[in-house]
Protein chains: 2
Amino acid sequence: MSELDKVLAHLDQNLDAAIERLFAFLRIPSVSTDPAYKEHCVTAAEHLKADVASIGFDASVRPTKGHPVVLGRAKHGGKRPHMLFYGHYDVQPVDPLNLWKSPPFEPRVAELAPGRKVILGRGACDDKGQLMTFVEACRAWKAVTGSLPIDLTLLIEGEEECGSIHLPAFVEANKAELKADAALVCDTGMWDRDTPAITSTLRGMVYEEVTITAADRDLHSGVFGGGAANPINVLTKILGGMKDEDGRILLPGFYDGVHEPPSQLKADWAALNLRAEEFLGQIGLSVPVGEKGRLLIEMVQSRPTFDINGIWGGYQGEGSKTVIASQASAKVSFRLVGDQDPAKISAAFEKYVRDRLPPDCKAQFTHHTNSKAISLPADSPLLTRAREALLSEWGKAPVTIGSGGSVPIVGDFKRTLGLDSLLVGFGLDDDRVHSPNEKYDLSSFHHGMRSWARILGGLAQ
Amino acid sequence: MSELDKVLAHLDQNLDAAIERLFAFLRIPSVSTDPAYKEHCVTAAEHLKADVASIGFDASVRPTKGHPVVLGRAKHGGKRPHMLFYGHYDVQPVDPLNLWKSPPFEPRVAELAPGRKVILGRGACDDKGQLMTFVEACRAWKAVTGSLPIDLTLLIEGEEECGSIHLPAFVEANKAELKADAALVCDTGMWDRDTPAITSTLRGMVYEEVTITAADRDLHSGVFGGGAANPINVLTKILGGMKDEDGRILLPGFYDGVHEPPSQLKADWAALNLRAEEFLGQIGLSVPVGEKGRLLIEMVQSRPTFDINGIWGGYQGEGSKTVIASQASAKVSFRLVGDQDPAKISAAFEKYVRDRLPPDCKAQFTHHTNSKAISLPADSPLLTRAREALLSEWGKAPVTIGSGGSVPIVGDFKRTLGLDSLLVGFGLDDDRVHSPNEKYDLSSFHHGMRSWARILGGLAQ
């Protein structure tokens, strides 16, 4: 029996204890966005620190201007690979509480369907359950072999659900300490219940806010209507004209740096057959709106987008008011892929709006977010090791997909630490993360631990 | 000395007493929109009733579901013309109070510039000052000749500043009592300080609210962006495309019933030389945005418009949120002229939106307002009499203009009572109605009374 086999057997034999440990962690209501839960966040950090210390990590709870970060170091020295593992101990708020079938911080195992057991509770998946798959894999290696197979640094933050506000500064300030060969992240999902996934690209983002001002006050449309510029009309005309009939975004230079995927990858994606009836059907839609001629999976993972995330101006109350507003505003975002340059796109958007402003109108811009898309090189050995491990564990080759959203910290790992990130996670589409009745399949938890045990073993070779 | 000359002399001699009477009326804070002032509205109504009763009107305070209406009847019988006079005793709220240079309900006369005296106070113009020009004219006729020169019904409401909500029902319920030959309204303005004006057309209005719904919930743009319909993108595209580059509104059939004015009237308007620098300059603008090739005065008075009065959807708070909203809404209005059919335009708007909805999107409509444009026939004897009277009083021919806004009650007079309305008023552009430091030029008040005295005399012939 190989060491790995022993580790896997150990995980199987100790599954109930692992579940109990996860439950203890889930019982701490570490809601990061609500100041009322501040102490619980500290409790969760201390709890986690003690847990990872018990398996040999040199662990500490490190202050930030917000919730603390848990750091753990297990460095053997020498030439072993050294990975930085990232997860988060904070969870989303639970409201509306009345929609929960059992109390969110009293975790339990339930049978969702015959043979399909799930762990119920806030954080069961996102991210306590997911990060514990990694911790349990480490624990098993330690228990069976007396040490971890590779060097590891754990970086577990407490502010992911409120935007990781203080993490980039923490990473910057602790650059030397966090240096590793690559990063491992467990906060993503599987393709489906049978098919593991490696997320190898993350879309970037440019998020802009624009306010258009016309007259220096709100006007009565009876007096000025037809003569005075209306900033809402102006804003809708400019933003409403930013895509052509085929769904292409009309900003000059927008598609510079957008690459076609290798034909094999595209064939793999086509084979996944992401169907609009299912993917969009779950939210009451049925027709993909992206660029003509693209697969739905491309539209949401590997093609850039333009969405207006918010718009406001003028009268929004009951009934009617014949006002011509002085100002109108919108928040818009572009999801980026490949080598699209966020700074260029931010500038192109500003120019696009300014070029179309009628006389008398002014535009003000706030640049909220500006992050480049991320991708793990196709020939990365990380990718090879993870593929082998996941294939062995699940009996099915993992799919290499993109994430439609950005995971900002992965950008910081790249920019600040120079690290590529391997994103492997075991969430499922129906986990209801951020919603009432969050769950994590017991299968995700169990095979997740085993998957990480295999990946750690693979990386050691 | 003719009777009219005696009446005019009486008005001149008793100007100070008239100002005192106006002050007593202005001291009553009859703010109609704020329930805290409800009793003051009743006080204002009772005050006015007593005043008009003192000059021979059979007066009453009549309840409505809101603030009461003051009715006054002075009917001699026989074949005399019978006019229905309309005004309102309610005023706008006064906030922000700190911007008033003297307390809003402590009226006083001040000298704005050498030789230019004004009455200061909330309601000094809108509409207490204006309606008192008419009451004082009646008082003078009564004092000098012992009776009024024509039959009159006064209808003075207390809810104009909150949308005249209960007045249409009141008019409908009291149709027989309100029957007259035509209506006189004193709630409009002069062309400038030297030039009287008769408002002979009022734009109508269609006011619509539309809500576009895509997914059945708010979405994360990282997960669904590029695949899922975004109702804000859809709304901006549809509404932003409703005008062409020349400012023409693209609703099919929209311009049906829009007539060109007689060339003489158009020449008169051109001669008025409404300059963008002045008219738009006062609100910080300079370039008219209406249809190419039109005079500014046409754009705001006699051409139809499309304005978005309010828009909202998605995230409007601080910072950024990568949401794709489930819904987006807008309030839009069309100002109508000539014989444009409000019902047809309302239907055309709905069809225009529905025809452009992408698959999966639904639109819901709320029809708020639907009123046809109003015009006094060019050959109306009312117009002739008023022109003669105003020319005599001001030494300058009055201009015949349109009002860019609707005065909804004028539509009710036409629809319910079959009455044309003559709109003559003495407000000036700088009166700051609805704003702090409202004023009414003493010249407007004085010559306004004399103008009405002349019009009443003219109508009696």
# chains A, B, ... in the order shown; residues from 1 in each chain; ligands from 1

call {"tool": "residues_around", "arguments": {"residues": "A:Lys292", "least_positions_apart": "2", "cutoff": "12 Å", "atoms": "only C-alpha atoms", "output": "short mmCIF file (atom, residue, chain, number, x, y, z; two decimals) with C-alpha atoms, in the first residue's frame"}}
result
data_model
loop_
_atom_site.label_atom_id
_atom_site.label_comp_id
_atom_site.auth_asym_id
_atom_site.auth_seq_id
_atom_site.Cartn_x
_atom_site.Cartn_y
_atom_site.Cartn_z
CA LYS A 243 -23.50 47.03 -28.74
CA ASP A 244 -24.40 46.20 -32.30
CA GLU A 245 -27.22 43.92 -33.36
CA ASP A 246 -24.91 40.90 -33.19
CA GLY A 247 -23.97 41.61 -29.58
CA ARG A 248 -20.49 42.98 -30.38
CA ILE A 249 -19.26 45.79 -28.19
CA VAL A 287 -31.96 32.64 -24.99
CA PRO A 288 -28.23 33.50 -24.72
CA VAL A 289 -27.62 37.16 -25.50
CA GLY A 290 -23.90 37.16 -26.25
CA ARG A 294 -20.50 31.77 -29.91
CA LEU A 295 -21.18 28.87 -27.58
CA LEU A 296 -23.02 29.79 -24.41
CA GLU A 298 -17.80 30.96 -24.25
CA MET A 299 -20.19 33.85 -23.69
CA ARG A 303 -15.73 36.27 -24.03
CA GLY B 226 -22.53 37.68 -21.45
CA GLY B 227 -25.21 35.00 -21.42
#

call {"tool": "closest_atom_pairs", "arguments": {"of": "chain A", "to": "chain B", "cutoff": "7 Å", "atoms": "only C-alpha atoms", "output": "tab-separated table"}}
result
residue	atom	partner	partner_atom	distance
A:Ala215	CA	B:Gly284	CA	5.3
A:Asp216	CA	B:Gly284	CA	5.4
A:Arg217	CA	B:Ile283	CA	6.7
A:Gly222	CA	B:Gly405	CA	3.4
A:Val223	CA	B:Gly404	CA	5.3
A:Phe224	CA	B:Val300	CA	5.9
A:Gly225	CA	B:Val300	CA	5.7
A:Gly226	CA	B:Met299	CA	5.0
A:Gly227	CA	B:Pro288	CA	4.7
A:Ala228	CA	B:Pro288	CA	5.9
A:Ala229	CA	B:Val289	CA	5.8
A:Asn230	CA	B:Asp307	CA	6.9
A:Ile232	CA	B:Ile308	CA	6.1
A:Asn233	CA	B:Ile308	CA	5.9
A:Thr236	CA	B:Thr236	CA	4.4
A:Lys237	CA	B:Gly240	CA	3.6
A:Leu239	CA	B:Thr236	CA	6.5
A:Gly240	CA	B:Lys237	CA	3.6
A:Gly241	CA	B:Lys237	CA	6.2
A:Leu280	CA	B:Ala228	CA	7.0
A:Ile283	CA	B:Ala215	CA	5.4
A:Gly284	CA	B:Ala215	CA	5.3
A:Leu285	CA	B:Asp360	CA	5.6
A:Ser286	CA	B:Asp360	CA	6.5
A:Val287	CA	B:Pro359	CA	6.5
A:Pro288	CA	B:Gly227	CA	4.7
A:Val289	CA	B:Gly227	CA	5.2
A:Gly290	CA	B:Gly226	CA	5.0
A:Leu296	CA	B:Gly227	CA	6.4
A:Met299	CA	B:Gly226	CA	5.0
A:Val300	CA	B:Gly226	CA	5.1
A:Thr305	CA	B:Gly226	CA	5.3
A:Asp307	CA	B:Asn233	CA	6.7
A:Ile308	CA	B:Asn233	CA	5.9
A:Asn309	CA	B:Val323	CA	5.5
A:Gly310	CA	B:Gly314	CA	4.1
A:Ile311	CA	B:Trp312	CA	5.2
A:Trp312	CA	B:Trp312	CA	4.4
A:Gly313	CA	B:Ile311	CA	5.4
A:Gly314	CA	B:Gly310	CA	4.1
A:Tyr315	CA	B:Gly310	CA	4.4
A:Gln316	CA	B:Gly310	CA	5.7
A:Gly319	CA	B:His368	CA	6.7
A:Ser320	CA	B:His368	CA	6.5
A:Thr322	CA	B:Asn309	CA	6.3
A:Val323	CA	B:Asn309	CA	5.5
A:Ile324	CA	B:Asn309	CA	5.6
A:Ala325	CA	B:Asn309	CA	6.9
A:Pro359	CA	B:Val287	CA	6.5
A:Asp360	CA	B:Leu285	CA	5.6
A:His368	CA	B:Ser320	CA	6.5
A:Gly404	CA	B:Gly222	CA	4.6
A:Gly405	CA	B:Gly222	CA	3.5
A:Ser406	CA	B:Gly222	CA	6.9

call {"tool": "select_by_dssp", "arguments": {"residues": "stretch 374-425 of chain B", "states": "alpha helix (DSSP H)", "output": "number ranges by chain"}}
result
B: 381-394, 408-417

call {"tool": "select_by_dssp", "arguments": {"residues": "stretch 296-360 of chain A", "states": "strand (DSSP E)", "output": "list in words"}}
result
Thr305, Phe306, Asp307, Ile308, Asn309, Gly310, Ile311, Trp312, Gly313, Gly314, Val323, Ile324, Gln327, Ala328, Ser329, Ala330, Lys331, Val332, Ser333, Phe334, Arg335 and Leu336 of chain A

call {"tool": "atom_distance", "arguments": {"atom1": "atom CA of A:Thr64", "atom2": "atom CA of A:Tyr37"}}
result
16.2 Å
